[in-house]
Structures are given as structure tokens and as C-alpha cells.
>>> print(open('data_3.cif').read())   # mmCIF, C-alpha atoms and all ligand atoms
data_coords
#
loop_
_atom_site.label_atom_id
_atom_site.label_comp_id
_atom_site.auth_asym_id
_atom_site.auth_seq_id
_atom_site.Cartn_x
_atom_site.Cartn_y
_atom_site.Cartn_z
CA MET A 1 0.00 0.00 0.00
CA SER A 2 1.12 3.54 -0.66
CA GLU A 3 2.58 5.42 2.26
CA ARG A 4 1.51 8.70 0.76
CA TRP A 5 -2.28 8.50 1.03
CA PRO A 6 -4.55 7.61 3.94
CA GLY A 7 -6.38 4.31 4.42
CA ASN A 8 -6.52 1.94 1.50
CA THR A 9 -5.88 4.64 -1.08
CA ARG A 10 -3.03 3.61 -3.35
CA CYS A 11 -3.26 6.49 -5.83
CA VAL A 12 -5.53 9.44 -6.55
CA VAL A 13 -7.24 10.43 -9.80
CA THR A 14 -8.60 13.94 -10.28
CA LEU A 15 -10.65 14.49 -13.44
CA SER A 16 -10.80 18.19 -14.24
CA PHE A 17 -12.68 20.06 -16.95
CA ASP A 18 -11.89 23.66 -17.95
CA ILE A 19 -15.11 25.04 -19.45
CA ASP A 20 -13.57 27.75 -21.60
CA GLY A 21 -16.56 28.09 -23.94
CA VAL A 22 -16.17 31.23 -26.05
CA SER A 23 -14.21 33.10 -23.38
CA SER A 24 -10.68 32.24 -24.44
CA TYR A 25 -11.31 33.26 -28.04
CA LEU A 26 -13.04 36.51 -27.03
CA PHE A 27 -10.15 37.41 -24.74
CA ARG A 28 -7.72 36.98 -27.61
CA ASN A 29 -9.83 39.11 -29.95
CA ARG A 30 -13.29 40.55 -29.35
CA GLU A 31 -13.77 40.48 -33.12
CA PHE A 32 -14.15 36.71 -32.88
CA ALA A 33 -17.68 37.42 -31.60
CA ARG A 34 -18.48 37.94 -35.30
CA PHE A 35 -17.18 34.46 -36.26
CA PRO A 36 -20.29 32.30 -35.77
CA SER A 37 -18.60 29.06 -36.77
CA LEU A 38 -15.79 29.50 -34.24
CA MET A 39 -18.27 30.60 -31.58
CA SER A 40 -20.46 27.54 -32.22
CA MET A 41 -17.49 25.19 -31.90
CA ALA A 42 -16.60 26.75 -28.55
CA GLU A 43 -20.18 26.97 -27.30
CA PHE A 44 -20.61 23.24 -27.95
CA GLY A 45 -18.63 22.84 -24.68
CA PRO A 46 -20.98 24.36 -22.12
CA SER A 47 -24.20 23.80 -24.10
CA VAL A 48 -23.86 20.24 -25.38
CA ALA A 49 -20.75 18.55 -23.97
CA VAL A 50 -21.11 19.42 -20.28
CA PRO A 51 -24.52 17.69 -19.87
CA ARG A 52 -23.06 14.59 -21.55
CA ILE A 53 -19.98 14.70 -19.32
CA LEU A 54 -22.14 15.02 -16.22
CA ASP A 55 -24.14 11.94 -17.27
CA LEU A 56 -20.91 10.04 -17.99
CA LEU A 57 -19.53 10.88 -14.54
CA ASP A 58 -22.82 9.86 -12.90
CA GLY A 59 -22.70 6.60 -14.83
CA ARG A 60 -19.25 5.85 -13.43
CA GLY A 61 -20.14 7.17 -9.96
CA VAL A 62 -17.24 9.64 -9.78
CA HIS A 63 -16.97 13.32 -8.93
CA ALA A 64 -14.82 15.83 -10.77
CA SER A 65 -13.68 19.46 -10.74
CA PHE A 66 -14.93 22.05 -13.24
CA PHE A 67 -12.92 25.27 -13.65
CA ILE A 68 -15.18 27.94 -15.11
CA PRO A 69 -14.36 31.49 -16.30
CA GLY A 70 -16.71 34.05 -14.76
CA TYR A 71 -18.05 35.05 -18.17
CA VAL A 72 -19.01 31.46 -18.98
CA ALA A 73 -20.56 31.05 -15.52
CA GLU A 74 -22.71 34.17 -15.73
CA THR A 75 -23.93 33.25 -19.21
CA HIS A 76 -24.70 29.63 -18.13
CA PRO A 77 -26.02 29.95 -14.58
CA ASP A 78 -28.12 26.78 -14.69
CA MET A 79 -25.09 24.76 -15.84
CA VAL A 80 -23.01 26.00 -12.91
CA ARG A 81 -25.74 25.18 -10.41
CA GLU A 82 -26.25 21.75 -11.98
CA ILE A 83 -22.53 20.97 -11.69
CA ALA A 84 -22.55 21.88 -8.00
CA ASP A 85 -25.88 20.13 -7.31
CA ARG A 86 -24.49 16.89 -8.74
CA GLY A 87 -21.62 16.96 -6.27
CA HIS A 88 -18.82 18.34 -8.40
CA GLU A 89 -16.44 21.16 -7.59
CA VAL A 90 -16.68 24.58 -9.23
CA GLY A 91 -13.24 26.20 -9.45
CA HIS A 92 -11.98 29.57 -10.66
CA HIS A 93 -10.67 30.00 -14.22
CA GLY A 94 -10.43 33.77 -14.63
CA TYR A 95 -13.19 36.06 -15.84
CA LEU A 96 -12.67 36.11 -19.63
CA HIS A 97 -9.92 33.47 -19.61
CA GLU A 98 -7.17 36.08 -19.13
CA PRO A 99 -3.71 34.48 -18.74
CA PRO A 100 -2.38 36.32 -15.65
CA ALA A 101 1.08 36.60 -17.18
CA ASN A 102 -0.42 39.00 -19.75
CA LEU A 103 -2.15 41.26 -17.19
CA THR A 104 -1.13 44.13 -14.95
CA PRO A 105 -1.50 43.39 -11.21
CA VAL A 106 -4.60 45.60 -11.09
CA GLU A 107 -6.19 43.78 -14.02
CA GLU A 108 -5.33 40.40 -12.56
CA ALA A 109 -6.84 41.24 -9.16
CA ARG A 110 -9.98 42.59 -10.81
CA ALA A 111 -10.46 39.42 -12.91
CA LEU A 112 -9.93 37.24 -9.84
CA ASP A 113 -12.47 39.11 -7.73
CA ARG A 114 -15.01 39.34 -10.53
CA GLY A 115 -14.84 35.60 -11.23
CA THR A 116 -15.15 34.76 -7.55
CA GLU A 117 -18.20 36.96 -7.02
CA ILE A 118 -20.01 35.43 -10.00
CA ILE A 119 -19.42 31.88 -8.74
CA ARG A 120 -20.35 32.82 -5.18
CA GLY A 121 -23.55 34.41 -6.46
CA LEU A 122 -24.52 31.22 -8.28
CA ILE A 123 -23.66 28.47 -5.81
CA GLY A 124 -23.42 30.34 -2.51
CA ALA A 125 -19.74 29.65 -1.90
CA ALA A 126 -16.52 31.10 -3.19
CA PRO A 127 -14.28 28.77 -5.21
CA ARG A 128 -11.46 27.23 -3.17
CA GLY A 129 -9.23 26.39 -6.11
CA TYR A 130 -7.80 28.18 -9.11
CA ARG A 131 -6.61 26.99 -12.49
CA SER A 132 -4.85 29.64 -14.54
CA PRO A 133 -6.22 30.33 -18.03
CA SER A 134 -3.64 29.04 -20.53
CA TRP A 135 -1.58 27.79 -17.56
CA GLU A 136 0.54 30.95 -17.30
CA LEU A 137 0.56 32.51 -13.83
CA SER A 138 2.01 35.93 -13.21
CA GLU A 139 4.62 36.41 -10.50
CA ASP A 140 1.84 37.89 -8.31
CA SER A 141 -0.76 35.16 -8.84
CA LEU A 142 0.06 32.87 -5.92
CA GLU A 143 0.11 35.73 -3.44
CA PHE A 144 -3.18 37.11 -4.79
CA LEU A 145 -4.78 33.68 -4.42
CA ALA A 146 -3.52 33.13 -0.87
CA GLU A 147 -4.66 36.61 0.21
CA ARG A 148 -8.14 35.82 -1.06
CA GLY A 149 -8.49 32.55 0.83
CA PHE A 150 -7.94 30.06 -1.97
CA ILE A 151 -6.45 26.84 -0.61
CA TYR A 152 -4.92 25.59 -3.84
CA ASP A 153 -3.67 26.42 -7.30
CA SER A 154 -3.49 24.00 -10.23
CA SER A 155 -1.32 25.73 -12.85
CA LEU A 156 2.26 24.61 -12.20
CA MET A 157 4.16 21.56 -13.40
CA GLY A 158 6.84 21.07 -10.74
CA ASP A 159 5.99 17.53 -9.58
CA VAL A 160 3.62 14.61 -10.05
CA MET A 161 2.40 14.62 -6.43
CA PRO A 162 0.77 17.71 -4.94
CA TYR A 163 3.21 20.04 -3.21
CA TRP A 164 3.31 23.13 -1.08
CA VAL A 165 4.37 26.31 -2.81
CA ASP A 166 5.62 29.54 -1.27
CA ALA A 167 2.98 32.10 -2.23
CA GLY A 168 4.93 35.10 -0.91
CA ALA A 169 4.25 37.45 2.02
CA GLY A 170 4.38 34.51 4.41
CA HIS A 171 1.62 32.56 2.61
CA GLN A 172 1.63 28.98 1.39
CA LEU A 173 -0.66 27.34 -1.12
CA VAL A 174 -1.25 23.73 -2.09
CA GLU A 175 -0.25 23.09 -5.69
CA LEU A 176 -1.99 20.33 -7.67
CA PRO A 177 0.36 20.07 -10.63
CA ILE A 178 -0.76 19.66 -14.22
CA HIS A 179 1.10 18.78 -17.40
CA TRP A 180 0.55 19.12 -21.15
CA GLU A 181 0.91 15.33 -21.45
CA TRP A 182 -2.23 14.94 -19.33
CA ASP A 183 -4.30 17.56 -21.17
CA ASP A 184 -6.61 17.00 -24.14
CA PHE A 185 -5.67 20.23 -25.94
CA PRO A 186 -2.33 19.08 -27.46
CA TYR A 187 -4.16 16.11 -28.99
CA PHE A 188 -7.30 17.83 -30.22
CA GLY A 189 -6.78 21.61 -30.29
CA PHE A 190 -7.65 22.54 -33.85
CA ALA A 191 -9.13 25.98 -34.62
CA PRO A 192 -7.63 27.47 -37.79
CA ALA A 193 -9.22 30.88 -37.17
CA VAL A 194 -7.03 31.34 -34.08
CA GLY A 195 -3.95 29.51 -35.34
CA ALA A 196 -4.44 26.26 -33.38
CA ARG A 197 -3.49 23.57 -35.84
CA ASN A 198 -2.93 20.38 -33.91
CA ALA A 199 -4.10 17.64 -36.26
CA PRO A 200 -7.08 16.07 -34.47
CA SER A 201 -5.64 12.91 -32.96
CA ASP A 202 -6.99 9.40 -33.04
CA PRO A 203 -8.59 9.16 -29.57
CA GLU A 204 -6.52 6.02 -29.03
CA VAL A 205 -3.38 8.18 -28.83
CA PRO A 206 -4.35 10.14 -25.70
CA PHE A 207 -6.06 6.99 -24.37
CA ASN A 208 -2.75 5.15 -24.54
CA VAL A 209 -0.72 8.07 -23.15
CA TRP A 210 -3.15 8.64 -20.28
CA LYS A 211 -3.54 4.93 -19.51
CA ALA A 212 0.26 4.55 -19.40
CA GLY A 213 0.50 7.59 -17.13
CA PHE A 214 -2.20 6.21 -14.85
CA ASP A 215 -0.54 2.78 -14.74
CA ALA A 216 2.74 4.44 -13.78
CA ILE A 217 1.27 6.49 -10.96
CA HIS A 218 -0.72 3.46 -9.77
CA GLU A 219 2.63 1.74 -9.43
CA THR A 220 4.31 4.64 -7.63
CA GLY A 221 1.24 5.61 -5.60
CA GLU A 222 1.10 9.21 -6.81
CA ALA A 223 -1.58 11.46 -8.32
CA PHE A 224 -3.06 11.54 -11.83
CA ASN A 225 -4.45 15.02 -12.51
CA LEU A 226 -6.14 15.04 -15.93
CA THR A 227 -7.24 18.28 -17.63
CA MET A 228 -9.89 18.29 -20.35
CA HIS A 229 -11.94 20.88 -22.21
CA PRO A 230 -15.59 20.04 -22.87
CA HIS A 231 -15.53 21.45 -26.41
CA GLN A 232 -12.62 19.08 -27.16
CA ILE A 233 -13.24 15.94 -25.11
CA GLY A 234 -17.01 16.19 -25.65
CA ARG A 235 -16.90 14.97 -29.26
CA PRO A 236 -18.54 11.53 -29.51
CA ALA A 237 -15.55 9.21 -29.99
CA ARG A 238 -13.48 11.15 -27.46
CA LEU A 239 -16.17 10.89 -24.78
CA ALA A 240 -16.42 7.17 -25.41
CA MET A 241 -12.64 7.00 -24.95
CA LEU A 242 -12.85 8.88 -21.65
CA ASP A 243 -15.57 6.54 -20.43
CA ARG A 244 -13.43 3.55 -21.32
CA LEU A 245 -10.44 5.08 -19.54
CA ILE A 246 -12.42 5.62 -16.33
CA GLU A 247 -13.82 2.10 -16.62
CA TYR A 248 -10.27 0.75 -16.90
CA MET A 249 -8.99 2.79 -13.95
CA GLN A 250 -11.87 1.49 -11.85
CA THR A 251 -10.73 -2.08 -12.45
CA ARG A 252 -7.43 -1.33 -10.70
CA PRO A 253 -7.32 -1.72 -6.92
CA ASP A 254 -7.46 1.12 -4.40
CA VAL A 255 -7.88 4.06 -6.78
CA ALA A 256 -9.56 7.12 -5.25
CA PHE A 257 -11.41 9.41 -7.66
CA MET A 258 -11.48 12.77 -5.92
CA ARG A 259 -12.32 16.39 -6.54
CA CYS A 260 -9.27 18.66 -6.58
CA GLU A 261 -10.49 20.57 -3.52
CA ASP A 262 -10.67 17.34 -1.50
CA VAL A 263 -7.10 16.40 -2.37
CA ALA A 264 -5.99 19.93 -1.49
CA SER A 265 -7.84 19.65 1.83
CA TRP A 266 -5.95 16.44 2.63
CA VAL A 267 -2.71 18.34 2.13
CA ALA A 268 -3.87 21.49 3.92
CA ASP A 269 -5.06 19.63 7.03
CA GLY A 270 -1.94 17.45 7.23
CA THR A 271 -3.63 14.15 6.29
CA VAL A 272 -1.15 13.96 3.43
CA SER A 273 2.39 15.18 3.85
CA VAL A 274 4.07 16.67 0.77
CA PRO A 275 7.23 18.69 0.19
CA MET A 276 7.58 22.43 -0.29
CA ARG A 277 8.80 23.36 -3.76
CA ASN A 278 9.46 27.03 -4.19
CA PRO A 279 8.54 28.54 -7.54
CA LEU A 280 11.68 28.99 -9.58
CA ARG A 281 12.59 32.64 -10.06
CA PRO A 282 15.80 32.42 -12.03
CA GLU A 283 18.11 35.38 -11.82
CA ILE A 284 20.08 36.13 -14.94
CA ASP A 285 22.49 38.92 -15.74
ZN ZN A 301 -8.98 27.32 -20.07
#
>>> encode(input="data_3.cif", output="C-alpha cells", more="lines below")
Ligand SMILES: [Zn+2]
Amino acid sequence: MSERWPGNTRCVVTLSFDIDGVSSYLFRNREFARFPSLMSMAEFGPSVAVPRILDLLDGRGVHASFFIPGYVAETHPDMVREIADRGHEVGHHGYLHEPPANLTPVEEARALDRGTEIIRGLIGAAPRGYRSPSWELSEDSLEFLAERGFIYDSSLMGDVMPYWVDAGAGHQLVELPIHWEWDDFPYFGFAPAVGARNAPSDPEVPFNVWKAGFDAIHETGEAFNLTMHPHQIGRPARLAMLDRLIEYMQTRPDVAFMRCEDVASWVADGTVSVPMRNPLRPEID
């Protein structure tokens, strides 16, 4: 049995879905609002794919984490409430999917607070976790999150297990690391209008990569944090692949499917002990 996790838990799987909808394209260029084909491809995520994903998760009896930009949340209030009512986590994903690295500190703080208030208004609780749009934090992000009471971030790639990260000004945050290998976008991200030209992959390719990753962390007793985007993973053959992947993982012994916030709580309350890894701030001449 793993020495890392409590009880009979050998390894942890967190399924996470970033519901970008149209927000990421509109942040890049407001003119994309006049591209109905692009908008329809993006809107497929919240409008069509999310209900199918929720039914898939119910069918497998697992809970997941959904990171939702404030703009997508306020334009899909019933979806946000449905996600929470069905036992899933609602996390923060910016307001209009602004990568913090591209913002001034004032802009970043405003997007954080705006996104939080929208989610709080819909489900009655502030999000406890944050996933950075485009996975690019600014050098202020961790401190901003800690000051606002977030318990975890999920935007860094410094380990496979969760870790503590120095958030500055005496704060610490739990980090639930991600990686491009365990993300659907590199396999499926194709949108010529915005320059994304990854040839849509055979779903067996990410299935095999993710299954191999899961098998490896099942062996080592670590954490498998998978990121997906409903407008990508929600296509029919891809959803069938995800269902088959979950089915496979459930055949393996002592696998805990958890929401990100529950894993972060295990770290925050000391149930799980993990190292501190300071964010690298290289100094160069
Ligand atoms: Zn996103």
C-alpha cells in the first residue's frame, strides 16, 4: 500500500474540466464574436458537452472538478448550479480566460475578484481552487490567491504529487500540478481561425498516453491530474474513450477518484504530507 495516502488509497485520480466556452477566443480578440462558426465550436462545450460529461460521470459514480471562467458562468447559470448540485467542484478559471502573465497586477486582481463573485452568487460559496487560463501565472498570482483565501492552485508543473508552494508574504498554497501530457488540448486543439493547428488525434493516442500515465502512478502511488476541455473531449468518440479510460482505472485496486479541492484539503489539514517546492525565479544577468 502507498505510504503517501490515507487508508486503502493507493493512488488518486482527479478528473478536471476547464469550461472555456467562447471566453478564451473573445479574450484573444473581441472580433471573434463575429465568427459564428468559431463561436459555435466553442459553445458546444458548455451547451452540449457538459450535460453529456455530467451523465458520464454519474454513470461511473465519480466526482470531478470544473474550472469555469466568470463570463461562462454568468452566461450559463443553470449549468453552474447543476454541476454543484451533482456533487462536483466549481473552481476559478479567470473572468474572460485572461492568462495572468499578460495582465497588470490591477487587471489580474480585478479578474480574480469578478470571477469569484459570479461563482459565489450562483452556488453560494466562493471557489477554493484556481486553475490559470492558458496555464501561465504571473509572479503575483500565488500571493493574490492566498490573500483571497484560496487553498490551492493548479497551474504549475513542478511535480507529479501535490506540493506546497511559497505564495509570498508569508503565505503557502497547495499546488496540484498539471502537465501538457495529461491535457486534451495538445491532442485535439484545432481551430484554424485562431492559429491552433494540432491535427485532431486518433482518440486512441491520448487513451494510450493517459492509460500509461495512470498505470505508472498506480505503481508509484502518486496522483493523476487530468485536464480536459468540454468542447474538445465532448466529441462523440473522445467521450467514449474517456468513459473507457475511467472504466479501466476502476478495475485497478485502491484508486480514489477525488475532486481537486478534497485532495488539497488532505494536504492542507496534514492528512497527506508533501514537500515544499518554491517557484523557480531564475536570476540572470
Ligand atoms: Zn482554459
>>> residues_near_ligand(input="data_3.cif", ligand="ligand ZN 301 (chain A)", cutoff="10 Å", atoms="all atoms listed in the file", output="PyMOL selection string")
chain A and resi 17-21+23-24+67-69+93-94+96-99+131-135+185+227-229
>>> atom_distance(input="data_3.cif", atom1="CA of Asp202 (chain A)", atom2="CA of Tyr248 (chain A)")
18.6 Å
>>> closest_residue(input="data_3.cif", among="A:Ala193, A:Met258, A:Leu239, A:Ile83", to="Phe224 (chain A)", atoms="all atoms listed in the file")
A:Met258
>>> residues_around(input="data_3.cif", residues="Phe144 (chain A)", least_positions_apart="5", cutoff="10 Å", atoms="all atoms listed in the file", output="list in words")
Pro105, Glu108, Ala109, Leu112, Asp113, Ser138, Glu139, Gly149, Phe150, Ala167, Gly168 and His171 of chain A
>>> residues_around(input="data_3.cif", residues="Glu219 (chain A)", least_positions_apart="5", cutoff="12 Å", atoms="all atoms listed in the file", output="PyMOL selection string")
chain A and resi 1-2+10-12+212-214+224+252-255
>>> closest_atom_pairs(input="data_3.cif", of="region 136-206 of chain A", to="region 34-41 of chain A", cutoff="10 Å", atoms="all atoms listed in the file", output="CSV")
residue,atom,partner,partner_atom,distance
A:Ala191,CA,A:Leu38,CA,7.5
A:Pro192,CA,A:Leu38,CA,9.1
A:Ala193,CA,A:Leu38,CA,7.3
A:Val194,CA,A:Leu38,CA,9.0
>>> atom_distance(input="data_3.cif", atom1="CA of Gln172 (chain A)", atom2="CA of Arg110 (chain A)")
21.7 Å
>>> axis_aligned_box(input="data_3.cif", around="region 229-240 of chain A", padding_each_side="3 Å", output="JSON")
{"center_x": -15.2, "center_y": 14.3, "center_z": -26.1, "size_x": 12.6, "size_y": 20.3, "size_z": 13.8}
>>> residues_around(input="data_3.cif", residues="Val48 (chain A)", least_positions_apart="5", cutoff="9 Å", atoms="only C-alpha atoms", output="PDB file with C-alpha atoms, keeping the file's coordinate frame")
ATOM      1  CA  GLU A  43     -20.180  26.970 -27.300  1.00  0.00           C
ATOM      2  CA  PRO A 230     -15.590  20.040 -22.870  1.00  0.00           C
ATOM      3  CA  HIS A 231     -15.530  21.450 -26.410  1.00  0.00           C
ATOM      4  CA  GLY A 234     -17.010  16.190 -25.650  1.00  0.00           C
TER       5      GLY A 234
END
>>> residues_around(input="data_3.cif", residues="Pro275 (chain A)", least_positions_apart="2", cutoff="9 Å", atoms="only C-alpha atoms", output="compact mmCIF listing (two decimals) with C-alpha atoms, in the frame of the given file")
# COMPACT_ATOMS: atom_id res chain seq x y z
CA PRO A 162 0.77 17.71 -4.94
CA TYR A 163 3.21 20.04 -3.21
CA TRP A 164 3.31 23.13 -1.08
CA VAL A 165 4.37 26.31 -2.81
CA SER A 273 2.39 15.18 3.85
CA ARG A 277 8.80 23.36 -3.76
>>> atom_distance(input="data_3.cif", atom1="CA of Tyr152 (chain A)", atom2="CA of Arg81 (chain A)")
21.8 Å
>>> closest_residue(input="data_3.cif", among="A:His63, A:Arg281, A:Arg238, A:His76", to="Ser47 (chain A)", atoms="only C-alpha atoms")
A:His76
>>> closest_residue(input="data_3.cif", among="A:Ile53, A:Met157, A:Leu15, A:Leu26", to="Pro236 (chain A)", atoms="all atoms listed in the file")
A:Ile53
>>> closest_residue(input="data_3.cif", among="A:Gly87, A:Asp55, A:Tyr130, A:Glu136", to="Arg148 (chain A)", atoms="all atoms listed in the file")
A:Tyr130
>>> residues_around(input="data_3.cif", residues="Leu54 (chain A)", least_positions_apart="3", cutoff="9 Å", atoms="only C-alpha atoms", output="VMD selection string")
chain A and resid 49 to 51 57 to 59 82 to 83 86
>>> closest_residue(input="data_3.cif", among="A:Arg235, A:Arg52, A:Arg60, A:His92", to="Met79 (chain A)", atoms="all atoms listed in the file")
A:Arg52
>>> residues_near_point(input="data_3.cif", point="(1.3, 22.9, -15.4)", cutoff="7 Å", atoms="all atoms listed in the file", output="PyMOL selection string")
chain A and resi 135+155-157+177-180
